[in-house]
file final_1.cif (mmCIF, C-alpha atoms)
data_target
#
loop_
_atom_site.label_atom_id
_atom_site.label_comp_id
_atom_site.auth_asym_id
_atom_site.auth_seq_id
_atom_site.Cartn_x
_atom_site.Cartn_y
_atom_site.Cartn_z
CA MET A 1 81.71 112.49 110.48
CA GLY A 2 84.80 110.47 111.37
CA ASP A 3 86.21 111.16 107.91
CA ASN A 4 85.89 114.91 108.42
CA ILE A 5 87.18 114.91 112.00
CA GLU A 6 90.29 113.21 110.67
CA HIS A 7 90.68 115.81 107.92
CA VAL A 8 90.38 118.69 110.37
CA ILE A 9 93.01 117.33 112.76
CA SER A 10 95.44 115.89 110.22
CA TYR A 11 95.38 118.93 107.90
CA TRP A 12 95.94 121.24 110.86
CA LEU A 13 98.84 119.20 112.21
CA LEU A 14 100.43 118.84 108.79
CA PHE A 15 100.25 122.61 108.33
CA GLN A 16 101.76 123.23 111.77
CA LYS A 17 104.50 120.65 111.16
CA PHE A 18 105.53 121.43 107.58
CA HIS A 19 103.91 124.82 106.62
CA SER A 20 103.73 123.58 103.03
CA PRO A 21 101.00 124.59 100.55
CA VAL A 22 102.51 121.99 98.22
CA LEU A 23 101.83 119.23 100.76
CA GLY A 24 98.31 120.58 101.10
CA GLY A 25 98.01 120.31 97.33
CA PHE A 26 99.32 116.75 97.45
CA ALA A 27 96.69 115.95 100.08
CA VAL A 28 94.07 116.81 97.47
CA ILE A 29 95.89 115.03 94.63
CA SER A 30 96.44 111.81 96.58
CA HIS A 31 92.92 111.82 97.97
CA TRP A 32 91.20 112.11 94.59
CA THR A 33 93.58 110.30 92.21
CA PRO A 34 92.18 106.90 93.33
CA PHE A 35 88.76 108.07 92.11
CA LEU A 36 90.31 108.84 88.74
CA LEU A 37 92.02 105.46 88.45
CA PHE A 38 89.71 103.03 90.24
CA ALA A 39 86.17 104.46 90.43
CA VAL A 40 84.82 102.47 87.46
CA TYR A 41 86.53 99.27 88.64
CA PHE A 42 85.16 99.63 92.18
CA GLY A 43 81.77 100.43 90.66
CA ALA A 44 82.00 97.09 88.86
CA LEU A 45 82.78 95.40 92.19
CA ALA A 46 79.65 96.96 93.66
CA ASP A 47 77.65 95.66 90.67
CA ARG A 48 78.84 92.10 91.31
CA HIS A 49 79.10 91.78 95.10
CA ASP A 50 77.17 92.44 98.29
CA CYS A 51 77.61 96.18 98.78
CA ARG A 52 77.52 95.82 102.56
CA ARG A 53 80.78 93.88 102.60
CA VAL A 54 82.43 96.41 100.29
CA ILE A 55 81.41 99.27 102.57
CA GLN A 56 82.73 97.45 105.64
CA MET A 57 86.14 97.05 104.03
CA ALA A 58 86.22 100.78 103.26
CA GLN A 59 85.31 101.65 106.86
CA LEU A 60 88.11 99.43 108.19
CA MET A 61 90.58 101.25 105.94
CA PHE A 62 89.37 104.64 107.23
CA ALA A 63 89.74 103.50 110.84
CA GLY A 64 93.25 102.16 110.19
CA VAL A 65 94.40 105.44 108.68
CA SER A 66 93.06 107.46 111.61
CA LEU A 67 94.84 105.11 114.03
CA ALA A 68 98.12 105.48 112.11
CA TRP A 69 97.87 109.30 112.13
CA GLY A 70 97.39 109.22 115.90
CA ILE A 71 100.43 107.01 116.50
CA LEU A 72 102.71 109.05 114.24
CA PHE A 73 101.71 112.40 115.74
CA LEU A 74 101.83 111.06 119.31
CA THR A 75 105.37 109.78 118.84
CA ASP A 76 106.35 112.84 116.77
CA THR A 77 107.78 110.56 114.08
CA ILE A 78 105.63 111.86 111.21
CA GLN A 79 107.51 112.38 107.98
CA VAL A 80 106.34 113.61 104.60
CA TRP A 81 106.35 110.13 103.10
CA HIS A 82 104.21 108.82 105.97
CA ALA A 83 101.65 111.52 105.24
CA CYS A 84 101.69 110.71 101.52
CA VAL A 85 101.03 107.00 102.09
CA LEU A 86 98.20 107.58 104.55
CA LEU A 87 96.53 110.15 102.30
CA VAL A 88 96.57 107.68 99.39
CA ILE A 89 95.05 104.89 101.51
CA HIS A 90 92.38 107.31 102.70
CA GLY A 91 91.55 108.13 99.09
CA LEU A 92 91.31 104.42 98.20
CA ALA A 93 88.87 103.87 101.06
CA GLY A 94 86.63 106.67 99.79
CA VAL A 95 86.45 105.39 96.22
CA LEU A 96 85.89 101.80 97.38
CA GLY A 97 82.83 102.56 99.49
CA ASN A 98 81.07 105.18 97.37
CA PRO A 99 79.40 103.12 94.59
CA GLY A 100 78.10 100.54 97.07
CA SER A 101 76.50 103.29 99.16
CA GLN A 102 74.70 104.70 96.13
CA LEU A 103 73.44 101.28 95.04
CA ILE A 104 72.06 100.60 98.52
CA ILE A 105 70.22 103.94 98.47
CA HIS A 106 68.62 102.99 95.15
CA ASP A 107 67.79 99.54 96.52
CA ILE A 108 65.98 101.06 99.51
CA VAL A 109 63.83 103.70 97.79
CA GLY A 110 63.62 102.80 94.08
CA ARG A 111 63.24 105.29 91.23
CA GLU A 112 60.30 107.29 92.52
CA HIS A 113 62.00 108.72 95.60
CA LEU A 114 65.61 108.61 94.40
CA GLN A 115 66.15 112.36 94.14
CA SER A 116 64.85 112.90 97.68
CA ALA A 117 66.98 110.03 98.97
CA VAL A 118 70.13 111.31 97.27
CA ARG A 119 69.50 114.84 98.52
CA LEU A 120 68.76 113.70 102.08
CA ASN A 121 71.83 111.47 102.06
CA SER A 122 73.96 114.41 100.89
CA THR A 123 72.33 116.60 103.54
CA GLY A 124 73.16 114.04 106.22
CA ARG A 125 76.75 113.90 105.04
CA ASN A 126 77.01 117.68 105.12
CA ILE A 127 75.53 117.82 108.61
CA ALA A 128 78.31 115.43 109.57
CA ILE A 129 80.81 117.71 107.81
CA LEU A 130 79.32 120.62 109.74
CA ILE A 131 79.60 118.83 113.08
CA GLY A 132 82.93 117.18 112.27
CA PRO A 133 85.10 120.33 112.35
CA ALA A 134 83.50 121.41 115.63
CA VAL A 135 84.13 118.00 117.19
CA GLY A 136 87.62 117.88 115.68
CA GLY A 137 88.45 121.33 117.01
CA ALA A 138 87.01 120.52 120.44
CA THR A 139 88.93 117.25 120.76
CA MET A 140 92.15 119.00 119.70
CA LEU A 141 91.66 121.61 122.43
CA LEU A 142 90.43 119.26 125.17
CA PHE A 143 92.49 116.12 124.63
CA GLY A 144 95.21 117.05 122.16
CA PRO A 145 95.37 116.13 118.47
CA PRO A 146 96.71 112.55 118.83
CA ALA A 147 94.00 111.63 121.35
CA GLY A 148 91.41 113.14 119.05
CA LEU A 149 92.56 110.84 116.27
CA PHE A 150 92.41 107.79 118.55
CA ILE A 151 88.88 108.73 119.61
CA ASN A 152 88.00 109.17 115.97
CA VAL A 153 88.73 105.49 115.25
CA LEU A 154 85.56 104.67 117.21
CA MET A 155 83.47 106.76 114.80
CA TYR A 156 83.70 104.03 112.16
CA VAL A 157 82.52 101.19 114.40
CA PRO A 158 78.73 101.86 114.15
CA ALA A 159 78.77 101.74 110.33
CA ILE A 160 80.71 98.48 110.34
CA ILE A 161 78.22 96.90 112.75
CA TYR A 162 75.18 98.31 110.93
CA MET A 163 76.25 96.65 107.68
CA PHE A 164 75.71 93.26 109.40
CA ILE A 165 72.13 94.26 110.28
CA MET A 166 70.97 96.12 107.16
CA PRO A 167 68.81 93.85 104.92
CA TYR A 168 69.66 95.65 101.66
CA THR A 169 72.50 94.34 99.49
CA GLY A 170 72.33 97.04 96.82
CA HIS A 171 70.83 94.64 94.27
CA GLY A 172 67.41 93.72 95.65
CA ARG A 173 65.49 95.56 92.91
CA ASP A 174 67.62 94.18 90.08
CA GLU A 175 67.96 90.50 90.93
CA ALA A 176 64.66 89.30 89.52
CA GLY A 177 65.20 88.41 85.87
CA SER A 178 68.64 90.02 85.76
CA ALA A 179 71.85 88.24 84.85
CA ARG A 180 74.93 88.67 87.00
CA PRO A 181 76.89 91.68 85.70
CA PRO A 182 80.03 90.73 83.79
CA ARG A 183 83.50 91.26 85.15
CA ALA A 184 85.34 94.46 84.34
CA SER A 185 86.98 94.21 80.91
CA LEU A 186 88.05 96.30 77.93
CA ARG A 187 84.87 95.32 76.09
CA GLY A 188 82.83 96.34 79.11
CA ALA A 189 84.61 99.69 79.22
CA ILE A 190 83.79 100.31 75.56
CA ASP A 191 80.13 99.43 76.17
CA LEU A 192 80.10 101.82 79.11
CA LEU A 193 81.41 104.69 77.00
CA ARG A 194 78.82 103.94 74.31
CA GLU A 195 76.04 103.97 76.89
CA THR A 196 77.29 107.30 78.20
CA ALA A 197 77.51 108.90 74.76
CA ALA A 198 74.01 107.68 73.91
CA SER A 199 72.46 109.55 76.86
CA PRO A 200 72.69 113.37 76.62
CA THR A 201 71.65 113.70 80.27
CA ILE A 202 74.35 111.38 81.61
CA LEU A 203 76.97 112.88 79.31
CA SER A 204 76.13 116.47 80.28
CA MET A 205 76.26 115.68 84.01
CA ILE A 206 79.60 113.91 83.67
CA LEU A 207 81.02 116.87 81.71
CA LEU A 208 79.71 119.44 84.19
CA GLY A 209 80.97 117.50 87.19
CA GLY A 210 84.31 116.91 85.52
CA ALA A 211 84.86 120.57 84.65
CA THR A 212 84.02 121.63 88.20
CA SER A 213 86.39 119.07 89.71
CA LEU A 214 89.23 119.58 87.25
CA LEU A 215 89.69 123.29 87.84
CA VAL A 216 88.56 123.93 91.44
CA GLY A 217 87.12 120.83 93.10
CA ASN A 218 87.52 121.13 96.85
CA ALA A 219 91.25 121.83 96.79
CA PHE A 220 90.73 125.02 98.78
CA GLN A 221 89.57 122.93 101.77
CA ALA A 222 93.10 121.62 102.32
CA GLN A 223 94.33 125.24 102.25
CA MET A 224 91.87 126.48 104.91
CA PRO A 225 94.53 126.71 107.64
CA GLU A 226 96.38 129.27 105.51
CA PHE A 227 93.18 131.18 104.67
CA ALA A 228 92.45 131.37 108.41
CA HIS A 229 96.01 132.55 109.03
CA ASP A 230 95.73 135.25 106.35
CA PHE A 231 92.64 136.74 108.00
CA GLY A 232 94.82 137.47 111.04
CA HIS A 233 92.54 136.05 113.74
CA ASP A 234 94.20 135.56 117.10
CA ASN A 235 92.39 132.24 117.56
CA GLN A 236 93.26 130.70 114.22
CA GLY A 237 92.11 127.22 115.27
CA TRP A 238 88.49 128.29 115.70
CA ALA A 239 88.62 130.58 112.65
CA TYR A 240 89.81 127.58 110.64
CA SER A 241 87.05 125.31 111.97
CA ILE A 242 84.35 127.86 111.16
CA LEU A 243 85.65 128.37 107.62
CA LEU A 244 85.74 124.61 107.12
CA SER A 245 82.19 124.28 108.47
CA ALA A 246 80.59 127.13 106.53
CA GLY A 247 80.17 125.25 103.25
CA ALA A 248 78.77 122.22 105.03
CA GLY A 249 76.34 124.45 106.90
CA GLY A 250 75.07 125.93 103.64
CA ALA A 251 74.69 122.46 102.17
CA ALA A 252 72.79 121.17 105.21
CA VAL A 253 70.40 124.12 105.25
CA GLY A 254 70.03 123.93 101.47
CA GLY A 255 69.23 120.24 101.53
CA LEU A 256 66.54 120.61 104.18
CA LEU A 257 65.06 123.71 102.52
CA LEU A 258 65.00 122.22 99.03
CA GLU A 259 63.55 118.95 100.31
CA GLY A 260 60.89 120.76 102.32
CA THR A 261 59.82 123.06 99.47
CA GLY A 262 60.27 120.75 96.47
CA LEU A 263 62.19 123.44 94.59
CA LEU A 264 64.86 122.81 91.94
CA GLN A 265 63.78 119.52 90.44
CA ALA A 266 66.54 117.53 88.83
CA ASN A 267 67.25 118.53 85.24
CA PRO A 268 70.43 119.52 83.36
CA ARG A 269 69.50 123.19 83.08
CA ASN A 270 69.05 123.67 86.84
CA ALA A 271 72.26 121.76 87.49
CA ALA A 272 74.22 124.05 85.15
CA ILE A 273 72.79 127.20 86.76
CA CYS A 274 73.76 125.96 90.24
CA SER A 275 77.27 125.21 88.98
CA ILE A 276 77.62 128.78 87.65
CA LEU A 277 76.44 130.25 90.96
CA TRP A 278 78.98 128.07 92.79
CA CYS A 279 81.77 129.50 90.61
CA LEU A 280 80.73 133.06 91.47
CA ALA A 281 80.66 132.31 95.20
CA ILE A 282 84.16 130.75 95.10
CA ILE A 283 85.56 133.71 93.15
CA GLY A 284 84.09 136.04 95.78
CA PHE A 285 85.63 133.97 98.59
CA ALA A 286 89.07 134.04 96.97
CA ALA A 287 88.93 137.83 96.54
CA SER A 288 87.38 138.63 99.93
CA GLN A 289 89.43 140.37 102.60
CA SER A 290 86.64 140.15 105.17
CA TYR A 291 86.45 137.05 107.35
CA TYR A 292 82.69 137.33 107.86
CA LEU A 293 82.00 137.87 104.15
CA SER A 294 84.14 134.84 103.39
CA VAL A 295 82.09 132.70 105.78
CA ALA A 296 78.87 133.91 104.13
CA LEU A 297 80.18 133.18 100.63
CA LEU A 298 81.26 129.66 101.64
CA PHE A 299 77.78 129.12 103.12
CA CYS A 300 76.19 130.12 99.79
CA ALA A 301 78.67 127.95 97.89
CA GLY A 302 77.69 124.96 100.00
CA PHE A 303 73.99 125.58 99.29
CA VAL A 304 74.29 125.61 95.50
CA ASN A 305 76.91 122.85 95.45
CA LEU A 306 74.56 120.44 97.23
CA ALA A 307 71.79 121.32 94.79
CA PHE A 308 74.05 120.65 91.79
CA MET A 309 75.53 117.43 93.16
CA SER A 310 72.21 115.88 94.18
CA MET A 311 70.71 116.68 90.78
CA ALA A 312 73.65 115.32 88.82
CA GLN A 313 73.87 112.11 90.83
CA THR A 314 70.11 111.53 90.59
CA LEU A 315 70.07 112.05 86.83
CA VAL A 316 72.92 109.60 86.28
CA GLN A 317 71.29 106.91 88.41
CA LEU A 318 67.85 107.33 86.85
CA GLN A 319 69.17 107.15 83.31
CA ALA A 320 71.56 104.25 83.96
CA PRO A 321 70.44 100.71 83.02
CA SER A 322 70.50 98.42 86.05
CA ARG A 323 73.25 96.18 84.63
CA LEU A 324 75.61 99.18 84.37
CA ARG A 325 74.41 101.31 87.29
CA GLY A 326 77.44 100.72 89.50
CA ARG A 327 79.83 101.31 86.61
CA LEU A 328 78.09 104.52 85.54
CA ILE A 329 78.13 105.74 89.13
CA GLY A 330 81.84 104.90 89.08
CA LEU A 331 82.31 106.82 85.82
CA PHE A 332 80.49 109.80 87.32
CA ASN A 333 82.76 109.54 90.37
CA THR A 334 85.79 109.41 88.07
CA SER A 335 84.72 112.68 86.53
CA ASN A 336 83.26 114.41 89.56
CA ASN A 337 85.76 113.17 92.14
CA GLY A 338 88.78 111.77 90.30
CA LEU A 339 89.48 114.97 88.38
CA LYS A 340 89.70 116.82 91.70
CA ALA A 341 93.24 115.46 91.85
CA PHE A 342 94.27 118.05 89.25
CA SER A 343 92.67 120.83 91.27
CA GLY A 344 95.38 120.11 93.83
CA VAL A 345 97.79 121.37 91.18
CA THR A 346 95.78 124.40 90.03
CA VAL A 347 94.97 125.58 93.55
CA GLY A 348 97.58 124.03 95.84
CA VAL A 349 100.81 123.67 93.90
CA VAL A 350 100.28 126.88 91.92
CA GLY A 351 99.25 128.51 95.19
CA GLY A 352 102.73 127.79 96.50
CA LEU A 353 104.07 129.98 93.67
CA ILE A 354 101.60 132.86 93.39
CA GLY A 355 99.57 132.60 96.62
CA ILE A 356 96.45 130.59 97.30
CA HIS A 357 94.06 133.55 96.92
CA TRP A 358 95.25 134.20 93.37
CA SER A 359 95.41 130.54 92.41
CA LEU A 360 91.85 129.87 93.66
CA ALA A 361 90.45 133.01 92.00
CA LEU A 362 92.04 132.28 88.62
CA SER A 363 90.97 128.62 88.73
CA ALA A 364 87.38 129.59 89.56
CA MET A 365 87.32 132.18 86.76
CA ALA A 366 88.50 129.59 84.26
CA LEU A 367 85.83 127.19 85.54
CA LEU A 368 83.16 129.86 85.17
CA ALA A 369 84.08 130.35 81.52
CA VAL A 370 84.03 126.60 80.85
CA THR A 371 80.73 126.10 82.69
CA ILE A 372 79.03 128.91 80.76
CA ALA A 373 80.23 127.30 77.53
CA LEU A 374 78.86 123.91 78.63
CA PHE A 375 75.59 125.57 79.67
CA ALA A 376 75.02 126.51 76.03
CA PHE A 377 74.86 122.81 75.16
CA VAL A 378 72.49 121.78 77.97
CA ILE A 379 68.89 121.53 76.76
CA PRO A 380 66.80 124.08 78.72
CA GLY A 381 64.03 122.57 80.78
CA ARG A 382 65.03 118.99 80.11
CA GLY A 383 63.55 116.69 82.74
CA VAL A 384 64.87 113.50 84.23
CA LYS A 385 62.72 111.19 82.11
CA GLU A 386 64.79 111.27 78.96
CA SER A 387 64.32 107.55 78.56
CA SER A 388 63.13 104.62 80.57
CA GLY A 389 66.75 103.47 81.15
#
call {"tool": "encode", "arguments": {"input": "final_1.cif", "output": "structure tokens"}}
result
Amino acid sequence: MGDNIEHVISYWLLFQKFHSPVLGGFAVISHWTPFLLFAVYFGALADRHDCRRVIQMAQLMFAGVSLAWGILFLTDTIQVWHACVLLVIHGLAGVLGNPGSQLIIHDIVGREHLQSAVRLNSTGRNIAILIGPAVGGATMLLFGPPAGLFINVLMYVPAIIYMFIMPYTGHGRDEAGSARPPRASLRGAIDLLRETAASPTILSMILLGGATSLLVGNAFQAQMPEFAHDFGHDNQGWAYSILLSAGAGGAAVGGLLLEGTGLLQANPRNAAICSILWCLAIIGFAASQSYYLSVALLFCAGFVNLAFMSMAQTLVQLQAPSRLRGRLIGLFNTSNNGLKAFSGVTVGVVGGLIGIHWSLALSAMALLAVTIALFAFVIPGRGVKESSG
């Protein structure tokens, strides 16, 4: 929630200060490039160390960035290079904490309930994303943006404290009879690629996630202030917050509905279908001239995106051998998150040249074509139990 409050306030202030789609594109590039470069390495750290300590370090980095934003905006000394540095640090914090979180989830529930745990965790995150823009917008209106950022620093304190109390290290189910994972090395990277190529399920999920992230990702989120402006609402701040919340709302509702009904079990075919539906919803959003239709399409996009992401993440974790689980999660994050850096170019930078509506629509159309092609290579009806892992 603190992460998303910070995004809402900082993106809004950056837009008001610089009015630059290119800077919005850089916000996406700098946020996701660390996933591309460091996700496997940080996954290896999670394999070797107590995941609670890794998560605490990430939370401290998040809090420090929010504090720095507040100081720079309060003193009105923010410059473009300040924003670039803080956005990069924010991205490093995200990639550092992610593999450890996933390993702890697996440690808590084991294989049997992993899909439910992943889906509920994603639902919880999206509820926080849903609440975050509302809280961010309210604090901007009530206290001013800098004060909202200072208040947001406190959002990271509970997680830091909880990591001292939680009994799970992320490795409790793997320690018995398991050797300590080796350090990251070239040989280890080659073994990781071999393991990936040997599992059609893992490979297909990495390819699907990578294609989605490469062409569209979530680059349009950084451009939401301009989308809100283009709809011509008098109260652009609230229009922006609602647009930013719509996808999270769809994901939260989708997670609870899917968990309650047991629909859409994790398999590559269902994941591919959800990815295709997401493409169609994003194309509709880019072409829409109606604010209310756009909100509805973002809601639907959030629903199917949560379904796809929870399936893909579950499949990778179930198929991964315990000695490489953190690294394979890192490799999945490299594909699914790291390649989002290039979507900052396709949507943001190109949007500065031809307009963000056109750039998003063309990127989503290209993704739809690629996803349909990948769908032809996904085995219909394939379940999660491809191998014992």
call {"tool": "closest_residue", "arguments": {"input": "final_1.cif", "among": "A:Gly217, A:Gly148, A:Gly260, A:Pro133", "to": "Cys279 (chain A)", "atoms": "all atoms listed in the file"}}
result
A:Gly217
call {"tool": "residues_around", "arguments": {"input": "final_1.cif", "residues": "Arg125 (chain A)", "least_positions_apart": "6", "cutoff": "10 Å", "atoms": "all atoms listed in the file", "output": "list in words"}}
result
Met1, Asn4, Arg119, Ile131, Ala248, Ala251 and Ala252 of chain A
call {"tool": "residues_around", "arguments": {"input": "final_1.cif", "residues": "Ile283 (chain A)", "least_positions_apart": "3", "cutoff": "12 Å", "atoms": "all atoms listed in the file", "output": "VMD selection string"}}
result
chain A and resid 216 220 276 to 280 286 to 288 294 297 to 298 301 357 to 368
call {"tool": "resolve_selection", "arguments": {"input": "final_1.cif", "expression": "the PyMOL selection byres ((chain A and resi 49) around 10)", "output": "VMD selection string"}}
result
chain A and resid 44 to 48 50 to 54 100 169 to 171 180 to 181
call {"tool": "write_last_selection", "arguments": {"input": "final_1.cif", "atoms": "C-alpha atoms", "output": "CSV table (one decimal), in the frame of the given file"}}
result
chain,number,residue,atom,x,y,z
A,44,ALA,CA,82.0,97.1,88.9
A,45,LEU,CA,82.8,95.4,92.2
A,46,ALA,CA,79.6,97.0,93.7
A,47,ASP,CA,77.6,95.7,90.7
A,48,ARG,CA,78.8,92.1,91.3
A,50,ASP,CA,77.2,92.4,98.3
A,51,CYS,CA,77.6,96.2,98.8
A,52,ARG,CA,77.5,95.8,102.6
A,53,ARG,CA,80.8,93.9,102.6
A,54,VAL,CA,82.4,96.4,100.3
A,100,GLY,CA,78.1,100.5,97.1
A,169,THR,CA,72.5,94.3,99.5
A,170,GLY,CA,72.3,97.0,96.8
A,171,HIS,CA,70.8,94.6,94.3
A,180,ARG,CA,74.9,88.7,87.0
A,181,PRO,CA,76.9,91.7,85.7
call {"tool": "residues_around", "arguments": {"input": "final_1.cif", "residues": "region 106-116 of chain A", "least_positions_apart": "5", "cutoff": "6 Å", "atoms": "all atoms listed in the file", "output": "count of residues only"}}
result
4
call {"tool": "closest_residue", "arguments": {"input": "final_1.cif", "among": "A:Leu192, A:Val118, A:Leu324, A:Ile372", "to": "Met311 (chain A)", "atoms": "all atoms listed in the file"}}
result
A:Val118
call {"tool": "closest_residue", "arguments": {"input": "final_1.cif", "among": "A:Cys274, A:Val135, A:Ile71, A:Leu207", "to": "Phe308 (chain A)", "atoms": "only C-alpha atoms"}}
result
A:Cys274
call {"tool": "closest_residue", "arguments": {"input": "final_1.cif", "among": "A:Phe303, A:Trp81, A:Phe62, A:Trp69", "to": "Ala93 (chain A)", "atoms": "only C-alpha atoms"}}
result
A:Phe62
call {"tool": "build_atoms", "arguments": {"input": "final_1.cif", "residues": "region 297-319 of chain A", "atoms": "N, CA and C atoms", "output": "PDB file, in the frame of the given file"}}
result
ATOM      1  N   LEU A 297      80.028 133.673 101.997  1.00  0.00           N
ATOM      2  CA  LEU A 297      80.180 133.180 100.630  1.00  0.00           C
ATOM      3  C   LEU A 297      80.364 131.660 100.610  1.00  0.00           C
ATOM      4  N   LEU A 298      81.107 131.112 101.561  1.00  0.00           N
ATOM      5  CA  LEU A 298      81.260 129.660 101.640  1.00  0.00           C
ATOM      6  C   LEU A 298      79.932 128.993 101.966  1.00  0.00           C
ATOM      7  N   PHE A 299      79.124 129.638 102.803  1.00  0.00           N
ATOM      8  CA  PHE A 299      77.780 129.120 103.120  1.00  0.00           C
ATOM      9  C   PHE A 299      76.936 129.039 101.838  1.00  0.00           C
ATOM     10  N   CYS A 300      76.940 130.113 101.049  1.00  0.00           N
ATOM     11  CA  CYS A 300      76.190 130.120  99.790  1.00  0.00           C
ATOM     12  C   CYS A 300      76.733 129.078  98.813  1.00  0.00           C
ATOM     13  N   ALA A 301      78.053 128.944  98.771  1.00  0.00           N
ATOM     14  CA  ALA A 301      78.670 127.950  97.890  1.00  0.00           C
ATOM     15  C   ALA A 301      78.222 126.543  98.267  1.00  0.00           C
ATOM     16  N   GLY A 302      78.151 126.265  99.562  1.00  0.00           N
ATOM     17  CA  GLY A 302      77.690 124.960 100.000  1.00  0.00           C
ATOM     18  C   GLY A 302      76.255 124.686  99.600  1.00  0.00           C
ATOM     19  N   PHE A 303      75.405 125.708  99.665  1.00  0.00           N
ATOM     20  CA  PHE A 303      73.990 125.580  99.290  1.00  0.00           C
ATOM     21  C   PHE A 303      73.852 125.143  97.837  1.00  0.00           C
ATOM     22  N   VAL A 304      74.471 125.896  96.928  1.00  0.00           N
ATOM     23  CA  VAL A 304      74.290 125.610  95.500  1.00  0.00           C
ATOM     24  C   VAL A 304      75.050 124.357  95.084  1.00  0.00           C
ATOM     25  N   ASN A 305      76.168 124.048  95.788  1.00  0.00           N
ATOM     26  CA  ASN A 305      76.910 122.850  95.450  1.00  0.00           C
ATOM     27  C   ASN A 305      76.108 121.598  95.768  1.00  0.00           C
ATOM     28  N   LEU A 306      75.410 121.588  96.907  1.00  0.00           N
ATOM     29  CA  LEU A 306      74.560 120.440  97.230  1.00  0.00           C
ATOM     30  C   LEU A 306      73.451 120.281  96.199  1.00  0.00           C
ATOM     31  N   ALA A 307      72.857 121.395  95.784  1.00  0.00           N
ATOM     32  CA  ALA A 307      71.790 121.320  94.790  1.00  0.00           C
ATOM     33  C   ALA A 307      72.313 120.716  93.488  1.00  0.00           C
ATOM     34  N   PHE A 308      73.480 121.175  93.035  1.00  0.00           N
ATOM     35  CA  PHE A 308      74.050 120.650  91.790  1.00  0.00           C
ATOM     36  C   PHE A 308      74.386 119.166  91.922  1.00  0.00           C
ATOM     37  N   MET A 309      75.074 118.796  93.011  1.00  0.00           N
ATOM     38  CA  MET A 309      75.530 117.430  93.160  1.00  0.00           C
ATOM     39  C   MET A 309      74.368 116.445  93.270  1.00  0.00           C
ATOM     40  N   SER A 310      73.339 116.801  94.034  1.00  0.00           N
ATOM     41  CA  SER A 310      72.210 115.880  94.180  1.00  0.00           C
ATOM     42  C   SER A 310      71.466 115.712  92.860  1.00  0.00           C
ATOM     43  N   MET A 311      71.350 116.790  92.096  1.00  0.00           N
ATOM     44  CA  MET A 311      70.710 116.680  90.780  1.00  0.00           C
ATOM     45  C   MET A 311      71.517 115.794  89.846  1.00  0.00           C
ATOM     46  N   ALA A 312      72.812 116.062  89.751  1.00  0.00           N
ATOM     47  CA  ALA A 312      73.650 115.320  88.820  1.00  0.00           C
ATOM     48  C   ALA A 312      73.665 113.833  89.151  1.00  0.00           C
ATOM     49  N   GLN A 313      73.815 113.513  90.424  1.00  0.00           N
ATOM     50  CA  GLN A 313      73.870 112.110  90.830  1.00  0.00           C
ATOM     51  C   GLN A 313      72.545 111.412  90.575  1.00  0.00           C
ATOM     52  N   THR A 314      71.433 112.099  90.841  1.00  0.00           N
ATOM     53  CA  THR A 314      70.110 111.530  90.590  1.00  0.00           C
ATOM     54  C   THR A 314      69.901 111.261  89.110  1.00  0.00           C
ATOM     55  N   LEU A 315      70.267 112.206  88.273  1.00  0.00           N
ATOM     56  CA  LEU A 315      70.070 112.050  86.830  1.00  0.00           C
ATOM     57  C   LEU A 315      70.865 110.878  86.293  1.00  0.00           C
ATOM     58  N   VAL A 316      72.099 110.717  86.751  1.00  0.00           N
ATOM     59  CA  VAL A 316      72.920 109.600  86.280  1.00  0.00           C
ATOM     60  C   VAL A 316      72.300 108.275  86.693  1.00  0.00           C
ATOM     61  N   GLN A 317      71.860 108.172  87.950  1.00  0.00           N
ATOM     62  CA  GLN A 317      71.290 106.910  88.410  1.00  0.00           C
ATOM     63  C   GLN A 317      69.971 106.582  87.724  1.00  0.00           C
ATOM     64  N   LEU A 318      69.144 107.578  87.488  1.00  0.00           N
ATOM     65  CA  LEU A 318      67.850 107.330  86.850  1.00  0.00           C
ATOM     66  C   LEU A 318      68.009 106.899  85.394  1.00  0.00           C
ATOM     67  N   GLN A 319      68.986 107.468  84.712  1.00  0.00           N
ATOM     68  CA  GLN A 319      69.170 107.150  83.310  1.00  0.00           C
ATOM     69  C   GLN A 319      69.983 105.875  83.089  1.00  0.00           C
TER      70      GLN A 319
END
